[in-house]
Amino acid sequence: MKVAVTYNLKPEEGFIDGGDEPPDAYCECDDPATIEAVAAALAAEHEVVLVEANEECFARLRDCHPDFVFNMAEGLYGLSRESHLPAILEMLRIPYTGSAPLALAVSLDKGMCKAVLKDAGLPIPAGFLIENESQLPITAEYPMIVKPTMEGSSKGITNDSLVYTDEQLTQQVQRVLGMYHQPVLVEEFLPGREFTVALLGNGADVQVLPIVEILLGNLPKAANPIYSFEAKWVWDSAASPLEMFECPANISEALRMRIEEICKRAFHTLGCRDWCRIDVRLDAQGDPRILEVNPLPGILPNPEQNSCFPKAARAFGLSYDQLIRTVLRAALKRTGMSM
């Protein structure tokens, strides 16, 4: 079977257009090592072609017309960018791994995602959206955390995003509005432990992999207790990894079951497919609430890079190559195709 791997390549330096993007604009894109690792895992069983998800990808996909696509393209432009490549594939009638355009667009929009989850009765932090500076000042109960509404991979969430005063809130709202040109989500800060949960499969067959705890107490001393951009991309590196993950998480059976239950419900509520990673944090009473849903999870192959989905897979007994092939098999089964 011919399988195309679709991706967005992280630039080595500089910007694609104009130089006006925020400094973290491309941190979601994949590096060559990840693209090569995914291609190698699939090449053990299939013919593999690589297709970068740029402006030429429609013609490239139309011309090579693969039997299936392993999609990990984050998209480059616009507030629904993760849905662009799947929409192209649907237009070309090429089946693919992962969630459909609607699920990807809704999940990337934190405000919309939280509204859908809340309507389904799922636990989320309290919060509100700010669309422009005229909505300031506002009344808030501190501490609060300030986020861009339509970004992933901790983009726009810095160590200073946890705010304790009106002045700090105003500064962070102005920063996000000016840098990311999108609404700002302001949420209550949940003081409890934080986890990330990897899910594989579809329907009744969805499997929750061992839960990863983010050990926020192991962050540098001056850091706020949040999994910020600095924590994910600056302080933690392959050359000097932070010891801030535990998998399986050391939690009670009751808490594990509760986290698994709400994550499965969120997965189905949003229409996620094949795989997904969901971030969860405990409130002051120790109850889990959903922070974010990522139906296009990162899959860095090097264990020293602390990529949480592969980390959970390894704890489950799946090598990196097995994880990639398991995602493809889940998608093949969902679409009624055989190997």
# chains A, B, ... in the order shown; residues from 1 in each chain; ligands from 1
call {"tool": "residues_around", "arguments": {"residues": "Ser153 in chain A", "least_positions_apart": "2", "cutoff": "9 Å", "atoms": "only C-alpha atoms", "output": "PyMOL selection string"}}
result
chain A and resi 27-28+151+155-157+228-229+232+298
call {"tool": "write_last_selection", "arguments": {"atoms": "C-alpha atoms", "output": "PDB file, in the first residue's frame"}}
result
ATOM      1  CA  CYS A  27       7.401  25.082  17.300  1.00  0.00           C
ATOM      2  CA  GLU A  28       4.499  22.761  16.414  1.00  0.00           C
ATOM      3  CA  GLU A 151      -2.527  27.905  19.600  1.00  0.00           C
ATOM      4  CA  LYS A 155       2.637  28.673  22.205  1.00  0.00           C
ATOM      5  CA  GLY A 156       2.021  32.030  23.827  1.00  0.00           C
ATOM      6  CA  ILE A 157       1.955  30.575  27.345  1.00  0.00           C
ATOM      7  CA  SER A 228       4.861  26.947  29.903  1.00  0.00           C
ATOM      8  CA  PHE A 229       6.657  27.482  26.611  1.00  0.00           C
ATOM      9  CA  LYS A 232       8.454  22.658  27.180  1.00  0.00           C
ATOM     10  CA  GLY A 298       3.466  15.576  18.979  1.00  0.00           C
TER      11      GLY A 298
END
call {"tool": "residues_around", "arguments": {"residues": "Leu50 in chain A", "least_positions_apart": "5", "cutoff": "10 Å", "atoms": "only C-alpha atoms", "output": "NGL selection string"}}
result
:A and (3-7 or 35-36 or 39 or 60-61 or 69-70)
call {"tool": "write_last_selection", "arguments": {"atoms": "N, CA and C atoms", "output": "tab-separated table (two decimals), in the first residue's frame"}}
result
chain	number	residue	atom	x	y	z
A	3	VAL	N	1.57	4.81	1.17
A	3	VAL	CA	1.18	5.70	2.26
A	3	VAL	C	1.99	6.99	2.15
A	4	ALA	N	1.30	8.10	2.09
A	4	ALA	CA	1.96	9.40	2.11
A	4	ALA	C	2.01	9.91	3.55
A	5	VAL	N	3.13	10.48	3.92
A	5	VAL	CA	3.27	11.15	5.21
A	5	VAL	C	3.21	12.65	4.94
A	6	THR	N	2.21	13.31	5.50
A	6	THR	CA	2.07	14.75	5.31
A	6	THR	C	2.51	15.47	6.58
A	7	TYR	N	3.23	16.56	6.43
A	7	TYR	CA	3.88	17.22	7.55
A	7	TYR	C	4.16	18.67	7.19
A	35	ILE	N	10.11	13.37	11.04
A	35	ILE	CA	9.56	12.97	9.74
A	35	ILE	C	10.22	11.67	9.27
A	36	GLU	N	11.54	11.60	9.40
A	36	GLU	CA	12.26	10.40	8.99
A	36	GLU	C	11.88	9.19	9.83
A	39	ALA	N	8.40	7.99	8.74
A	39	ALA	CA	8.50	7.35	7.42
A	39	ALA	C	9.15	5.97	7.53
A	60	ARG	N	0.55	17.80	-5.52
A	60	ARG	CA	1.41	16.64	-5.25
A	60	ARG	C	0.56	15.43	-4.85
A	61	LEU	N	-0.40	15.64	-3.98
A	61	LEU	CA	-1.27	14.53	-3.54
A	61	LEU	C	-2.16	14.04	-4.69
A	69	VAL	N	-3.07	8.29	3.82
A	69	VAL	CA	-2.17	9.34	4.29
A	69	VAL	C	-2.01	9.24	5.80
A	70	PHE	N	-0.76	9.26	6.24
A	70	PHE	CA	-0.47	9.43	7.67
A	70	PHE	C	-0.25	10.92	7.87
call {"tool": "select_by_dssp", "arguments": {"residues": "range 61-279 of chain A", "states": "helix (DSSP H, G or I)", "output": "JSON, numbers by chain"}}
result
{"A": [61, 62, 63, 64, 81, 82, 83, 84, 85, 86, 87, 88, 89, 90, 91, 92, 101, 102, 103, 104, 105, 106, 107, 108, 110, 111, 112, 113, 114, 115, 116, 117, 118, 119, 133, 134, 135, 159, 160, 161, 166, 167, 168, 169, 170, 171, 172, 173, 174, 175, 176, 177, 178, 179, 180, 203, 204, 205, 216, 217, 218, 229, 230, 231, 232, 233, 234, 253, 254, 255, 256, 257, 258, 259, 260, 261, 262, 263, 264, 265, 266, 267, 268, 269]}
call {"tool": "closest_atom_pairs", "arguments": {"of": "range 184-280 of chain A", "to": "range 131-145 of chain A", "cutoff": "10 Å", "atoms": "only C-alpha atoms", "output": "CSV"}}
result
residue,atom,partner,partner_atom,distance
A:Val184,CA,A:Glu131,CA,6.3
A:Leu185,CA,A:Ile145,CA,8.2
A:Val186,CA,A:Ile145,CA,5.7
A:Glu187,CA,A:Ile145,CA,5.4
A:Glu188,CA,A:Met144,CA,4.7
A:Phe189,CA,A:Met144,CA,4.9
A:Leu190,CA,A:Met144,CA,8.7
A:Pro191,CA,A:Pro143,CA,9.6
A:Ile226,CA,A:Ile145,CA,9.1
call {"tool": "write_last_selection", "arguments": {"atoms": "C-alpha atoms", "output": "CSV table (one decimal), in the first residue's frame"}}
result
chain,number,residue,atom,x,y,z
A,184,VAL,CA,-7.3,35.7,24.6
A,185,LEU,CA,-8.6,33.0,27.0
A,186,VAL,CA,-8.3,33.9,30.7
A,187,GLU,CA,-8.9,31.0,33.0
A,188,GLU,CA,-8.8,30.3,36.7
A,189,PHE,CA,-5.6,28.7,37.8
A,190,LEU,CA,-6.0,25.2,39.0
A,191,PRO,CA,-3.5,24.5,41.8
A,226,ILE,CA,2.7,25.8,34.8
call {"tool": "atom_distance", "arguments": {"atom1": "CA of Arg265 in chain A", "atom2": "CA of Arg193 in chain A"}}
result
20.7 Å
call {"tool": "closest_atom_pairs", "arguments": {"of": "range 203-316 of chain A", "to": "range 92-112 of chain A", "cutoff": "12 Å", "atoms": "only C-alpha atoms", "output": "tab-separated table"}}
result
residue	atom	partner	partner_atom	distance
A:Ala266	CA	A:Ser107	CA	10.3
A:Phe267	CA	A:Ala103	CA	9.6
A:His268	CA	A:Ala103	CA	10.1
A:Thr269	CA	A:Ala103	CA	9.4
A:Leu270	CA	A:Ala103	CA	5.8
A:Gly271	CA	A:Ala103	CA	5.7
A:Cys272	CA	A:Ser99	CA	5.1
A:Arg273	CA	A:Ser99	CA	4.7
A:Asp274	CA	A:Gly98	CA	5.3
A:Trp275	CA	A:Gly98	CA	6.4
A:Cys276	CA	A:Gly98	CA	8.2
A:Arg277	CA	A:Ser107	CA	11.1
A:Ile278	CA	A:Ser107	CA	10.4
A:Ile290	CA	A:Lys110	CA	11.0
A:Leu291	CA	A:Lys110	CA	8.9
A:Glu292	CA	A:Lys110	CA	7.1
A:Val293	CA	A:Ser107	CA	5.9
A:Asn294	CA	A:Ser107	CA	6.6
A:Pro295	CA	A:Ser99	CA	6.5
A:Leu296	CA	A:Gly98	CA	7.1
A:Pro297	CA	A:Gly98	CA	9.8
call {"tool": "write_last_selection", "arguments": {"atoms": "C-alpha atoms", "output": "PDB file, in the first residue's frame"}}
result
ATOM      1  CA  ALA A 266     -14.080  14.278  25.609  1.00  0.00           C
ATOM      2  CA  PHE A 267     -12.575  12.191  22.784  1.00  0.00           C
ATOM      3  CA  HIS A 268     -16.027  11.027  21.660  1.00  0.00           C
ATOM      4  CA  THR A 269     -17.757  14.375  22.288  1.00  0.00           C
ATOM      5  CA  LEU A 270     -15.378  16.214  19.975  1.00  0.00           C
ATOM      6  CA  GLY A 271     -15.394  13.487  17.333  1.00  0.00           C
ATOM      7  CA  CYS A 272     -11.712  12.650  17.656  1.00  0.00           C
ATOM      8  CA  ARG A 273     -10.380   9.686  15.684  1.00  0.00           C
ATOM      9  CA  ASP A 274      -7.496   7.218  15.891  1.00  0.00           C
ATOM     10  CA  TRP A 275      -5.420   9.088  18.478  1.00  0.00           C
ATOM     11  CA  CYS A 276      -5.452  12.128  20.706  1.00  0.00           C
ATOM     12  CA  ARG A 277      -3.710  13.595  23.745  1.00  0.00           C
ATOM     13  CA  ILE A 278      -5.678  15.386  26.453  1.00  0.00           C
ATOM     14  CA  ILE A 290      -9.772  19.224  31.126  1.00  0.00           C
ATOM     15  CA  LEU A 291      -7.271  21.882  30.075  1.00  0.00           C
ATOM     16  CA  GLU A 292      -6.791  21.126  26.387  1.00  0.00           C
ATOM     17  CA  VAL A 293      -7.519  18.518  23.719  1.00  0.00           C
ATOM     18  CA  ASN A 294      -4.906  17.819  21.044  1.00  0.00           C
ATOM     19  CA  PRO A 295      -6.096  15.438  18.305  1.00  0.00           C
ATOM     20  CA  LEU A 296      -2.804  15.961  16.434  1.00  0.00           C
ATOM     21  CA  PRO A 297      -0.277  15.082  19.145  1.00  0.00           C
TER      22      PRO A 297
END
call {"tool": "closest_residue", "arguments": {"among": "A:Val49, A:Gly201, A:Asn306, A:Leu216", "to": "Leu332 in chain A", "atoms": "only C-alpha atoms"}}
result
A:Gly201
call {"tool": "closest_residue", "arguments": {"among": "A:Thr165, A:Gly203, A:Cys247, A:Glu230", "to": "Ala331 in chain A", "atoms": "only C-alpha atoms"}}
result
A:Gly203
call {"tool": "residues_around", "arguments": {"residues": "Gln171 in chain A", "least_positions_apart": "4", "cutoff": "12 Å", "atoms": "only C-alpha atoms", "output": "VMD selection string"}}
result
chain A and resid 133 136 to 137 146 160 to 167 175 to 178
call {"tool": "write_last_selection", "arguments": {"atoms": "C-alpha atoms", "output": "PDB file, in the first residue's frame"}}
result
ATOM      1  CA  GLU A 133      -8.466  45.832  24.733  1.00  0.00           C
ATOM      2  CA  LEU A 136     -10.294  45.776  29.867  1.00  0.00           C
ATOM      3  CA  PRO A 137     -10.314  46.334  32.785  1.00  0.00           C
ATOM      4  CA  VAL A 146      -3.668  33.973  30.139  1.00  0.00           C
ATOM      5  CA  ASP A 160       4.577  35.256  33.028  1.00  0.00           C
ATOM      6  CA  SER A 161       1.187  34.029  31.777  1.00  0.00           C
ATOM      7  CA  LEU A 162       0.218  33.195  35.357  1.00  0.00           C
ATOM      8  CA  VAL A 163      -0.999  36.549  36.697  1.00  0.00           C
ATOM      9  CA  TYR A 164      -1.787  37.767  40.190  1.00  0.00           C
ATOM     10  CA  THR A 165      -2.784  41.423  39.696  1.00  0.00           C
ATOM     11  CA  ASP A 166      -4.874  43.628  37.413  1.00  0.00           C
ATOM     12  CA  GLU A 167      -1.673  45.162  36.031  1.00  0.00           C
ATOM     13  CA  ARG A 175       0.923  40.893  24.753  1.00  0.00           C
ATOM     14  CA  VAL A 176      -1.218  38.066  23.378  1.00  0.00           C
ATOM     15  CA  LEU A 177      -3.514  40.366  21.406  1.00  0.00           C
ATOM     16  CA  GLY A 178      -0.556  42.198  19.884  1.00  0.00           C
TER      17      GLY A 178
END
call {"tool": "closest_residue", "arguments": {"among": "A:Leu199, A:Asp205, A:Glu90, A:Thr34", "to": "Lys333 in chain A", "atoms": "only C-alpha atoms"}}
result
A:Asp205
call {"tool": "closest_residue", "arguments": {"among": "A:Pro301, A:Asn159, A:Leu282, A:Arg62", "to": "Ile251 in chain A", "atoms": "only C-alpha atoms"}}
result
A:Leu282
